[in-house]
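Next comes my_file.txt, a file with compact mmCIF, C-alpha atoms.
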# COMPACT_ATOMS: atom_id res chain seq x y z
CA MET F 16 209.63 112.46 141.68
CA ASP F 17 210.48 114.16 144.97
CA ARG F 18 214.12 114.17 145.93
CA LEU F 19 214.82 112.06 148.98
CA LYS F 20 215.93 114.11 152.00
CA LEU F 21 218.35 112.31 154.29
CA LYS F 22 219.35 113.40 157.79
CA ALA F 23 223.11 113.05 158.06
CA VAL F 24 225.93 113.49 160.58
CA LEU F 25 229.56 113.57 159.48
CA GLY F 26 232.55 115.17 161.18
CA SER F 27 234.48 118.15 159.84
CA HIS F 28 236.92 116.13 157.77
CA LEU F 29 238.76 117.58 154.79
CA HIS F 30 237.70 114.68 152.58
CA VAL F 31 233.95 115.31 153.12
CA ARG F 32 234.05 119.11 153.01
CA SER F 33 232.62 119.46 149.49
CA VAL F 34 229.76 117.07 150.28
CA LYS F 35 228.93 118.93 153.49
CA SER F 36 229.07 122.34 151.79
CA GLY F 37 226.74 121.18 149.01
CA GLU F 38 229.38 121.74 146.33
CA LEU F 39 229.14 118.01 145.56
CA ARG F 40 225.51 116.90 145.31
CA SER F 41 223.44 114.04 144.02
CA ASP F 42 220.58 114.46 141.56
CA ARG F 43 218.59 111.83 143.50
CA PHE F 44 218.82 112.90 147.13
CA ASP F 45 219.76 115.73 149.48
CA LEU F 46 221.89 115.33 152.59
CA ASP F 47 220.58 117.49 155.43
CA PHE F 48 223.58 117.74 157.77
CA ILE F 49 223.05 118.05 161.51
CA ASP F 50 226.00 119.29 163.55
CA TYR F 51 227.19 117.22 166.50
CA THR F 52 230.33 118.36 168.30
CA PRO F 53 232.18 116.20 169.06
CA THR F 54 230.91 113.83 166.39
CA ASN F 55 230.91 110.88 168.77
CA THR F 56 227.92 112.38 170.62
CA ALA F 57 225.80 111.35 167.61
CA PHE F 58 226.68 107.68 167.94
CA LYS F 59 224.38 106.95 170.88
CA PRO F 60 221.17 108.34 169.28
CA MET F 61 222.07 106.58 166.01
CA VAL F 62 222.54 103.20 167.72
CA ARG F 63 219.61 103.51 170.11
CA GLU F 64 217.02 105.34 167.99
CA GLN F 65 218.35 105.31 164.40
CA ALA F 66 218.02 109.08 164.70
CA PHE F 67 219.65 109.81 161.30
CA ASP F 68 219.65 108.19 157.88
CA VAL F 69 223.42 108.47 157.41
CA CYS F 70 225.90 108.77 160.27
CA GLU F 71 229.60 108.58 160.98
CA MET F 72 230.21 105.85 163.54
CA ALA F 73 233.11 104.34 165.48
CA ILE F 74 233.75 100.83 164.20
CA VAL F 75 233.64 99.17 167.64
CA THR F 76 230.29 100.86 168.32
CA TYR F 77 229.07 99.38 165.03
CA LEU F 78 230.39 95.91 165.87
CA MET F 79 228.64 96.00 169.24
CA ALA F 80 225.46 97.35 167.61
CA LYS F 81 225.54 94.43 165.19
CA ALA F 82 225.98 91.99 168.07
CA HIS F 83 222.76 93.37 169.55
CA CYS F 84 220.86 93.30 166.24
CA LYS F 85 220.58 97.06 165.74
CA PRO F 86 219.14 97.88 162.28
CA LEU F 87 222.24 99.54 160.84
CA VAL F 88 224.32 98.82 157.73
CA LEU F 89 228.02 99.63 157.31
CA LEU F 90 229.55 101.46 154.35
CA PRO F 91 233.27 100.86 153.59
CA ALA F 92 233.97 104.60 153.77
CA THR F 93 236.50 105.56 156.44
CA MET F 94 236.02 108.97 157.99
CA LEU F 95 238.83 108.76 160.55
CA GLY F 96 241.86 106.51 160.71
CA ARG F 97 245.00 107.07 162.76
CA PHE F 98 247.86 105.30 164.45
CA GLN F 99 247.02 104.98 168.13
CA HIS F 100 250.36 104.92 169.96
CA SER F 101 250.29 108.61 170.92
CA TYR F 102 246.87 108.32 172.64
CA ALA F 103 248.17 106.64 175.81
CA LEU F 104 249.49 108.97 178.52
CA TYR F 105 251.02 108.82 181.99
CA ASN F 106 252.34 111.26 184.58
CA PRO F 107 256.12 110.90 185.07
CA ALA F 108 255.88 112.77 188.40
CA HIS F 109 254.67 109.47 189.84
CA GLY F 110 257.41 107.34 188.27
CA THR F 111 258.36 106.15 184.80
CA LEU F 112 255.77 103.92 183.15
CA GLY F 113 255.89 101.92 179.94
CA PRO F 114 253.33 99.70 178.20
CA SER F 115 254.56 96.56 179.96
CA ASP F 116 254.14 98.18 183.39
CA LEU F 117 250.35 98.58 183.32
CA GLU F 118 249.32 95.38 185.07
CA GLY F 119 248.04 96.17 188.56
CA LYS F 120 247.64 99.85 187.66
CA ARG F 121 244.55 102.10 187.49
CA VAL F 122 244.01 103.10 183.88
CA GLY F 123 241.36 105.63 182.86
CA ILE F 124 239.39 105.61 179.62
CA ARG F 125 236.35 107.65 178.57
CA SER F 126 234.32 104.49 178.01
CA PHE F 127 235.62 100.93 177.96
CA THR F 128 233.98 100.46 174.56
CA THR F 129 235.68 103.31 172.66
CA THR F 130 237.36 102.30 169.41
CA THR F 131 240.66 104.01 170.28
CA GLY F 132 240.64 102.12 173.58
CA ALA F 133 240.02 98.82 171.81
CA TRP F 134 242.86 99.43 169.36
CA ILE F 135 245.34 100.39 172.10
CA ARG F 136 244.33 97.48 174.35
CA GLY F 137 244.78 95.20 171.33
CA ILE F 138 248.27 96.57 170.82
CA LEU F 139 249.08 96.20 174.53
CA ALA F 140 247.84 92.60 174.64
CA ASN F 141 249.10 91.33 171.30
CA ASP F 142 252.31 93.31 170.82
CA CYS F 143 253.42 94.10 174.39
CA GLY F 144 252.31 90.96 176.24
CA VAL F 145 250.04 92.81 178.70
CA ASN F 146 247.31 90.82 180.48
CA LEU F 147 244.40 93.24 180.20
CA ASP F 148 242.49 91.45 182.98
CA ASN F 149 245.15 92.57 185.46
CA ILE F 150 244.49 96.26 184.85
CA ARG F 151 242.02 98.23 186.98
CA TRP F 152 239.91 100.08 184.41
CA VAL F 153 238.23 103.35 185.41
CA THR F 154 235.58 104.76 183.06
CA PHE F 155 233.66 108.02 182.76
CA GLU F 156 230.79 107.37 180.33
CA ASP F 157 228.24 104.69 179.46
CA PRO F 158 228.68 102.63 176.29
CA HIS F 159 226.77 103.77 173.21
CA VAL F 160 225.12 100.34 173.05
CA ALA F 161 222.83 100.16 176.07
CA GLU F 162 222.77 96.35 176.22
CA TYR F 163 226.49 96.06 176.94
CA VAL F 164 227.11 95.37 180.63
CA ASP F 165 230.03 97.52 181.78
CA THR F 166 231.78 96.01 184.80
CA THR F 167 234.54 98.63 185.10
CA GLU F 168 234.96 101.01 188.01
CA ARG F 169 233.14 104.29 187.37
CA ALA F 170 234.95 107.54 188.19
CA PRO F 171 233.08 110.01 190.42
CA LYS F 172 230.80 112.25 188.32
CA ASP F 173 232.68 115.45 189.16
CA LYS F 174 236.06 114.05 188.06
CA LYS F 175 237.84 114.74 184.77
CA ILE F 176 240.10 112.08 183.25
CA LEU F 177 243.25 114.16 182.65
CA GLN F 178 242.96 115.92 186.01
CA MET F 179 242.79 112.54 187.74
CA LEU F 180 246.01 111.59 185.92
CA LEU F 181 247.70 114.81 186.98
CA ASP F 182 246.53 114.31 190.56
CA GLY F 183 247.88 110.76 190.72
CA GLU F 184 244.42 109.18 190.99
CA LEU F 185 245.08 107.32 187.73
CA ASP F 186 248.36 105.76 186.64
CA ALA F 187 247.68 106.12 182.91
CA VAL F 188 244.89 107.02 180.50
CA LEU F 189 244.01 105.70 177.05
CA GLY F 190 242.30 107.55 174.23
CA GLU F 191 243.43 111.03 175.26
CA ALA F 192 245.89 113.57 173.87
CA SER F 193 247.33 116.50 175.79
CA ASN F 194 249.86 119.29 175.36
CA ASP F 195 250.41 119.47 179.10
CA PRO F 196 254.21 119.31 179.62
CA LYS F 197 253.63 117.36 182.85
CA LEU F 198 252.33 114.36 180.89
CA LYS F 199 254.19 111.92 178.65
CA THR F 200 253.16 109.27 176.16
CA LEU F 201 253.24 105.69 177.40
CA PHE F 202 255.13 104.71 174.24
CA PRO F 203 258.34 106.80 174.45
CA ASP F 204 258.46 107.46 170.68
CA PRO F 205 254.90 106.98 169.40
CA ALA F 206 255.73 107.75 165.75
CA ALA F 207 258.55 105.20 165.66
CA GLU F 208 256.39 102.60 167.44
CA ALA F 209 253.55 103.24 164.99
CA ALA F 210 255.91 102.81 162.01
CA LYS F 211 257.21 99.51 163.40
CA TRP F 212 253.68 98.33 164.13
CA TYR F 213 252.54 99.20 160.60
CA ALA F 214 255.53 97.41 159.09
CA ARG F 215 254.59 94.31 161.08
CA ARG F 216 250.80 94.42 160.70
CA GLY F 217 250.27 96.26 157.42
CA VAL F 218 247.11 97.79 158.87
CA VAL F 219 245.87 101.36 159.32
CA PRO F 220 243.73 101.44 162.49
CA VAL F 221 240.36 102.73 161.24
CA ASN F 222 238.31 104.50 163.91
CA HIS F 223 235.21 105.88 162.20
CA LEU F 224 233.34 104.65 159.14
CA VAL F 225 229.79 105.45 157.95
CA VAL F 226 226.52 103.65 158.65
CA VAL F 227 223.02 103.98 157.25
CA THR F 228 219.76 102.71 158.65
CA GLU F 229 218.65 99.27 157.57
CA GLN F 230 215.37 100.85 156.48
CA LEU F 231 217.18 103.09 153.99
CA ALA F 232 219.42 100.22 152.84
CA LYS F 233 216.43 97.99 152.11
CA SER F 234 214.14 100.60 150.58
CA HIS F 235 216.72 102.57 148.56
CA PRO F 236 219.89 100.50 147.97
CA ASP F 237 220.66 102.72 144.96
CA VAL F 238 220.67 105.78 147.24
CA VAL F 239 223.01 104.07 149.70
CA ALA F 240 225.41 103.35 146.83
CA GLY F 241 224.94 106.99 145.76
CA VAL F 242 225.94 108.25 149.22
CA TYR F 243 229.10 106.15 149.05
CA ASP F 244 229.90 107.37 145.52
CA LEU F 245 229.50 110.98 146.62
CA LEU F 246 231.85 110.52 149.57
CA LYS F 247 234.38 108.68 147.42
CA GLN F 248 234.21 111.45 144.80
CA ASN F 249 235.00 114.01 147.50
CA LYS F 250 237.97 111.98 148.72
CA GLU F 251 239.32 111.69 145.17
CA GLN F 252 238.75 115.40 144.61
CA ILE F 253 241.28 116.39 147.27
CA GLY F 254 244.12 114.58 145.52
CA ALA F 255 246.23 111.48 145.84
CA ALA F 256 245.94 109.52 149.05
CA ALA F 257 248.83 109.50 151.49
CA THR F 258 250.82 106.31 152.00
CA PRO F 259 249.60 104.63 154.06
CA ASP F 260 246.06 105.80 153.29
CA LEU F 261 244.54 106.75 156.65
CA VAL F 262 240.99 106.90 155.25
CA PRO F 263 240.65 103.81 153.06
CA PHE F 264 237.53 103.50 150.90
CA GLY F 265 236.14 100.25 149.53
CA PHE F 266 235.39 96.79 150.83
CA GLU F 267 238.80 95.28 150.03
CA ALA F 268 240.74 98.36 151.18
CA ASN F 269 239.11 98.02 154.61
CA ARG F 270 239.32 94.23 154.90
CA LYS F 271 242.59 93.97 156.90
CA PRO F 272 241.82 96.72 159.44
CA LEU F 273 238.31 95.33 159.94
CA GLU F 274 239.64 91.79 160.44
CA LEU F 275 242.04 93.04 163.09
CA ILE F 276 239.59 95.21 165.03
CA VAL F 277 237.09 92.32 165.00
CA ASP F 278 239.83 90.15 166.54
CA TYR F 279 240.61 92.75 169.20
CA ALA F 280 236.93 93.38 170.02
CA PHE F 281 236.34 89.64 170.40
CA GLN F 282 239.45 89.19 172.58
CA GLN F 283 238.20 91.99 174.84
CA SER F 284 234.68 90.49 175.13
CA LEU F 285 233.09 93.50 173.42
CA ILE F 286 231.43 91.18 170.89
CA PRO F 287 230.34 87.53 171.36
CA ARG F 288 232.02 86.09 168.26
CA ARG F 289 234.41 86.91 165.44
CA TYR F 290 232.49 88.25 162.46
CA ALA F 291 233.68 87.65 158.92
CA VAL F 292 234.25 91.00 157.21
CA GLU F 293 231.58 90.03 154.65
CA ASP F 294 229.02 89.79 157.49
CA LEU F 295 229.54 93.44 158.46
CA PHE F 296 227.95 94.66 155.20
CA ASP F 297 224.79 93.99 153.23
CA GLU F 298 224.50 92.88 149.62
CA THR F 299 224.82 96.44 148.32
CA THR F 300 227.59 97.78 150.54
CA ARG F 301 229.67 94.58 150.22
CA GLY F 302 230.12 95.40 146.56
CA LEU F 303 231.40 98.96 147.05
CA ASN F 304 234.99 99.61 146.07
Please express the file's structure as structure tokens.
Amino acid sequence: MDRLKLKAVLGSHLHVRSVKSGELRSDRFDLDFIDYTPTNTAFKPMVREQAFDVCEMAIVTYLMAKAHCKPLVLLPATMLGRFQHSYALYNPAHGTLGPSDLEGKRVGIRSFTTTTGAWIRGILANDCGVNLDNIRWVTFEDPHVAEYVDTTERAPKDKKILQMLLDGELDAVLGEASNDPKLKTLFPDPAAEAAKWYARRGVVPVNHLVVVTEQLAKSHPDVVAGVYDLLKQNKEQIGAAATPDLVPFGFEANRKPLELIVDYAFQQSLIPRRYAVEDLFDETTRGLN
């Protein structure tokens, strides 16, 4: 029988390196990796055209894709997880700013629907008491899911987000990191804030997981399970997971972060209802641990 050839996009993560290099392989299928840099540029063709069989995807993009009935299936395999407090910046040249000072301000974000943005807005609203509706959001890109109606202010096409912050055209930006000494993090000590947040919530904010096409999931559920097993084997190959584990694998390991990002996405009107975590998977992927 011919080996199945699958088009795949995954980022350059340490815990998938052996799979991407071909060192770890399946005897049932081949993964033909296509390079997208940055990886998030693959999300739009995956959502809109199902351009690949297997693809890394931001979890909020997946939630929105599900809300609009896109034929994709989630795997509980985290590719990127991180604490978000250091990805909110401001320019102290225009005055000191903290999380609770954002109401009435112009805040830039690459797209309103980015997962990092959703996590940080969730933290601002639920942990800092910020009314997100009182912030003037300025965006630079369209959502990956075409059906989502973006009502934010769009930055001029020739403008760059960090330059607008430096020039005083934005008061703060979310979802960006910078080594520019002129900029500071909105949370004065992001690592300490992240540690306190984790102690309170017990959740690692997962950004990217993996999706497959519904067609593959229905026609070859054994292959989908095989893709997951291969990725899990690679993660286990690189040694013991850190504590907390920033790239959790398995349905139960991802339950709490998925519950929380579903809550945040619903609060922010990115999705029309709260999904149960079970509803985010199919019969095969729900059983992966």
- Query: Suppose you want the space between atom CA of F:Ala209 and atom CA of F:Ala280; what is it in Å?
  - Reply: 20.0 Å
- Exercise: F:Thr167 partners within 7 Å, only C-alpha atoms, chain neighbours under 3 positions left out, as a ChimeraX atom specification: /F:152-154
Store the residues picked out above in a file with C-alpha atoms, as a PDB file, in the coordinates of the input.
ATOM      1  CA  TRP F 152     239.910 100.080 184.410  1.00  0.00           C
ATOM      2  CA  VAL F 153     238.230 103.350 185.410  1.00  0.00           C
ATOM      3  CA  THR F 154     235.580 104.760 183.060  1.00  0.00           C
TER       4      THR F 154
END
- Message: Please report the interatomic distance between atom CA of F:Pro263 and atom CA of F:Glu208 in Å with one decimal.
- Response: 21.4 Å
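Closest to F:Leu78 among F:Thr130, F:Lys199, F:Glu156, F:Gly190 is F:Thr130, based on only C-alpha atoms.
Minimum atom-to-atom distance to F:Asp42, evaluated using all atoms listed in the file, belongs to F:Gly241 out of F:Gly241, F:Gly137, F:Gly265, F:Gly254.
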- Around the point (236.8, 112.6, 144.8) in the file's coordinates, collect all residues with an atom within 12 Å, using all atoms listed in the file, and return them as a list of chain:residue names. F:Leu29, F:His30, F:Val31, F:Arg32, F:Ser33, F:Val34, F:Glu38, F:Leu39, F:Tyr243, F:Asp244, F:Leu245, F:Leu246, F:Lys247, F:Gln248, F:Asn249, F:Lys250, F:Glu251, F:Gln252, F:Ile253, F:Gly254, F:Ala255, F:Ala256, F:Phe264
Would you give the centre and edge lengths, in Å to one decimal, of a box along x, y and z around the listed atoms of stretch 258-270 of chain F, with 8 Å added to each side, as JSON?
{"center_x": 243.1, "center_y": 100.6, "center_z": 153.1, "size_x": 31.4, "size_y": 28.7, "size_z": 23.1}
- Query: So, counting all atoms listed in the file, which residue among F:Val218, F:Ala103, F:Leu185, F:Leu303 is closest to F:Pro205?
  - Reply: F:Ala103
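Excluding F:Lys59 itself and same-chain residues fewer than 5 positions from it, the residues having an atom within 10 Å of it are F:Glu64, F:Gln65, F:Ala66, F:Met72, F:Thr76, F:Asp157, F:Pro158, F:His159, F:Val160, F:Ala161, counting only C-alpha atoms.
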- Message: If we count all atoms listed in the file and set the cut-off at 9 Å, which residues sit around F:Pro107, ignoring sequence neighbours fewer than 5 positions away in its own chain? Please answer as JSON, numbers by chain.
- Response: {"F": [112, 197, 198, 199]}
- Considering all atoms listed in the file, state which residue in the set F:Ile124, F:Ala108, F:Ile138, F:Cys84 is at the smallest distance from F:Arg215. F:Ile138
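Compared by their closest atoms to F:Arg288, and using only C-alpha atoms, the residues F:Arg43, F:His83, F:Arg125, F:Arg18 rank with F:His83 nearest.
For the pair atom CA of F:Glu293 and atom CA of F:Ser234, the separation is 20.8 Å.
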Find the spatial neighbours of F:Tyr105, counting all atoms listed in the file, within a cut-off of 12 Å - ignore same-chain residues fewer than 3 positions away - and output them as a PDB file with C-alpha atoms, in the coordinates of the input.
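What follows is the written file part-v8.pdb:
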ATOM      1  CA  SER F 101     250.290 108.610 170.920  1.00  0.00           C
ATOM      2  CA  TYR F 102     246.870 108.320 172.640  1.00  0.00           C
ATOM      3  CA  ALA F 108     255.880 112.770 188.400  1.00  0.00           C
ATOM      4  CA  HIS F 109     254.670 109.470 189.840  1.00  0.00           C
ATOM      5  CA  GLY F 110     257.410 107.340 188.270  1.00  0.00           C
ATOM      6  CA  THR F 111     258.360 106.150 184.800  1.00  0.00           C
ATOM      7  CA  LEU F 112     255.770 103.920 183.150  1.00  0.00           C
ATOM      8  CA  GLY F 113     255.890 101.920 179.940  1.00  0.00           C
ATOM      9  CA  PRO F 114     253.330  99.700 178.200  1.00  0.00           C
ATOM     10  CA  ASP F 116     254.140  98.180 183.390  1.00  0.00           C
ATOM     11  CA  LEU F 117     250.350  98.580 183.320  1.00  0.00           C
ATOM     12  CA  LYS F 120     247.640  99.850 187.660  1.00  0.00           C
ATOM     13  CA  ARG F 121     244.550 102.100 187.490  1.00  0.00           C
ATOM     14  CA  VAL F 122     244.010 103.100 183.880  1.00  0.00           C
ATOM     15  CA  GLY F 123     241.360 105.630 182.860  1.00  0.00           C
ATOM     16  CA  ILE F 176     240.100 112.080 183.250  1.00  0.00           C
ATOM     17  CA  LEU F 177     243.250 114.160 182.650  1.00  0.00           C
ATOM     18  CA  GLN F 178     242.960 115.920 186.010  1.00  0.00           C
ATOM     19  CA  MET F 179     242.790 112.540 187.740  1.00  0.00           C
ATOM     20  CA  LEU F 180     246.010 111.590 185.920  1.00  0.00           C
ATOM     21  CA  LEU F 181     247.700 114.810 186.980  1.00  0.00           C
ATOM     22  CA  ASP F 182     246.530 114.310 190.560  1.00  0.00           C
ATOM     23  CA  GLY F 183     247.880 110.760 190.720  1.00  0.00           C
ATOM     24  CA  GLU F 184     244.420 109.180 190.990  1.00  0.00           C
ATOM     25  CA  LEU F 185     245.080 107.320 187.730  1.00  0.00           C
ATOM     26  CA  ASP F 186     248.360 105.760 186.640  1.00  0.00           C
ATOM     27  CA  ALA F 187     247.680 106.120 182.910  1.00  0.00           C
ATOM     28  CA  VAL F 188     244.890 107.020 180.500  1.00  0.00           C
ATOM     29  CA  LEU F 189     244.010 105.700 177.050  1.00  0.00           C
ATOM     30  CA  GLY F 190     242.300 107.550 174.230  1.00  0.00           C
ATOM     31  CA  GLU F 191     243.430 111.030 175.260  1.00  0.00           C
ATOM     32  CA  ALA F 192     245.890 113.570 173.870  1.00  0.00           C
ATOM     33  CA  SER F 193     247.330 116.500 175.790  1.00  0.00           C
ATOM     34  CA  ASP F 195     250.410 119.470 179.100  1.00  0.00           C
ATOM     35  CA  PRO F 196     254.210 119.310 179.620  1.00  0.00           C
ATOM     36  CA  LYS F 197     253.630 117.360 182.850  1.00  0.00           C
ATOM     37  CA  LEU F 198     252.330 114.360 180.890  1.00  0.00           C
ATOM     38  CA  LYS F 199     254.190 111.920 178.650  1.00  0.00           C
ATOM     39  CA  THR F 200     253.160 109.270 176.160  1.00  0.00           C
ATOM     40  CA  LEU F 201     253.240 105.690 177.400  1.00  0.00           C
ATOM     41  CA  PHE F 202     255.130 104.710 174.240  1.00  0.00           C
ATOM     42  CA  PRO F 203     258.340 106.800 174.450  1.00  0.00           C
TER      43      PRO F 203
END
- Might you pull out every residue within 6 Å of stretch 86-93 of chain F, with all atoms listed in the file counted and same-chain residues fewer than 4 positions away left off, and present them as a PyMOL selection string? chain F and resi 223-229+262-266+296+300
Would you mind completing stretch 170-179 of chain F so that it carries all heavy atoms, and writing it out as an mmCIF file, in the coordinates of the input?
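That gives us result-v3.cif:
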data_model
loop_
_atom_site.group_PDB
_atom_site.id
_atom_site.type_symbol
_atom_site.label_atom_id
_atom_site.label_comp_id
_atom_site.auth_asym_id
_atom_site.auth_seq_id
_atom_site.Cartn_x
_atom_site.Cartn_y
_atom_site.Cartn_z
ATOM 1 N N ALA F 170 234.378 106.366 187.515
ATOM 2 C CA ALA F 170 234.950 107.540 188.190
ATOM 3 C C ALA F 170 233.821 108.381 188.782
ATOM 4 O O ALA F 170 232.705 108.406 188.243
ATOM 5 C CB ALA F 170 235.739 108.368 187.191
ATOM 6 N N PRO F 171 234.086 109.098 189.887
ATOM 7 C CA PRO F 171 233.080 110.010 190.420
ATOM 8 C C PRO F 171 232.644 111.031 189.362
ATOM 9 O O PRO F 171 233.452 111.445 188.518
ATOM 10 C CB PRO F 171 233.807 110.705 191.581
ATOM 11 C CG PRO F 171 234.901 109.762 191.968
ATOM 12 C CD PRO F 171 235.317 109.079 190.698
ATOM 13 N N LYS F 172 231.368 111.411 189.395
ATOM 14 C CA LYS F 172 230.800 112.250 188.320
ATOM 15 C C LYS F 172 231.488 113.604 188.177
ATOM 16 O O LYS F 172 231.501 114.182 187.098
ATOM 17 C CB LYS F 172 229.301 112.460 188.568
ATOM 18 C CG LYS F 172 228.485 111.233 188.233
ATOM 19 C CD LYS F 172 227.004 111.515 188.252
ATOM 20 C CE LYS F 172 226.225 110.288 187.795
ATOM 21 N NZ LYS F 172 224.778 110.483 187.856
ATOM 22 N N ASP F 173 232.062 114.123 189.241
ATOM 23 C CA ASP F 173 232.680 115.450 189.160
ATOM 24 C C ASP F 173 234.140 115.392 188.710
ATOM 25 O O ASP F 173 234.808 116.414 188.605
ATOM 26 C CB ASP F 173 232.588 116.149 190.526
ATOM 27 C CG ASP F 173 233.318 115.378 191.631
ATOM 28 O OD1 ASP F 173 233.450 114.142 191.505
ATOM 29 O OD2 ASP F 173 233.759 116.011 192.595
ATOM 30 N N LYS F 174 234.646 114.206 188.403
ATOM 31 C CA LYS F 174 236.060 114.050 188.060
ATOM 32 C C LYS F 174 236.286 114.103 186.564
ATOM 33 O O LYS F 174 235.480 113.610 185.778
ATOM 34 C CB LYS F 174 236.589 112.711 188.605
ATOM 35 C CG LYS F 174 236.604 112.613 190.130
ATOM 36 C CD LYS F 174 237.749 113.395 190.721
ATOM 37 C CE LYS F 174 237.899 113.119 192.215
ATOM 38 N NZ LYS F 174 239.063 113.807 192.779
ATOM 39 N N LYS F 175 237.433 114.689 186.170
ATOM 40 C CA LYS F 175 237.840 114.740 184.770
ATOM 41 C C LYS F 175 239.056 113.826 184.584
ATOM 42 O O LYS F 175 239.962 113.787 185.428
ATOM 43 C CB LYS F 175 238.222 116.174 184.362
ATOM 44 C CG LYS F 175 237.104 117.197 184.558
ATOM 45 C CD LYS F 175 235.955 116.964 183.617
ATOM 46 C CE LYS F 175 234.905 118.055 183.751
ATOM 47 N NZ LYS F 175 233.670 117.721 183.010
ATOM 48 N N ILE F 176 239.105 113.148 183.449
ATOM 49 C CA ILE F 176 240.100 112.080 183.250
ATOM 50 C C ILE F 176 241.539 112.591 183.328
ATOM 51 O O ILE F 176 242.375 112.018 184.028
ATOM 52 C CB ILE F 176 239.811 111.319 181.941
ATOM 53 C CG1 ILE F 176 240.715 110.088 181.825
ATOM 54 C CG2 ILE F 176 239.925 112.218 180.710
ATOM 55 C CD1 ILE F 176 240.289 109.121 180.712
ATOM 56 N N LEU F 177 241.857 113.688 182.638
ATOM 57 C CA LEU F 177 243.250 114.160 182.650
ATOM 58 C C LEU F 177 243.629 114.754 184.003
ATOM 59 O O LEU F 177 244.784 114.631 184.436
ATOM 60 C CB LEU F 177 243.483 115.182 181.534
ATOM 61 C CG LEU F 177 243.483 114.602 180.113
ATOM 62 C CD1 LEU F 177 243.648 115.713 179.084
ATOM 63 C CD2 LEU F 177 244.589 113.554 179.941
ATOM 64 N N GLN F 178 242.670 115.378 184.680
ATOM 65 C CA GLN F 178 242.960 115.920 186.010
ATOM 66 C C GLN F 178 243.248 114.793 186.990
ATOM 67 O O GLN F 178 244.135 114.912 187.849
ATOM 68 C CB GLN F 178 241.789 116.784 186.506
ATOM 69 C CG GLN F 178 242.140 117.640 187.731
ATOM 70 C CD GLN F 178 243.321 118.569 187.487
ATOM 71 O OE1 GLN F 178 243.345 119.314 186.520
ATOM 72 N NE2 GLN F 178 244.328 118.517 188.365
ATOM 73 N N MET F 179 242.526 113.694 186.872
ATOM 74 C CA MET F 179 242.790 112.540 187.740
ATOM 75 C C MET F 179 244.197 111.993 187.485
ATOM 76 O O MET F 179 244.881 111.562 188.416
ATOM 77 C CB MET F 179 241.746 111.445 187.521
ATOM 78 C CG MET F 179 240.398 111.764 188.144
ATOM 79 S SD MET F 179 239.216 110.394 187.985
ATOM 80 C CE MET F 179 239.840 109.212 189.190
#
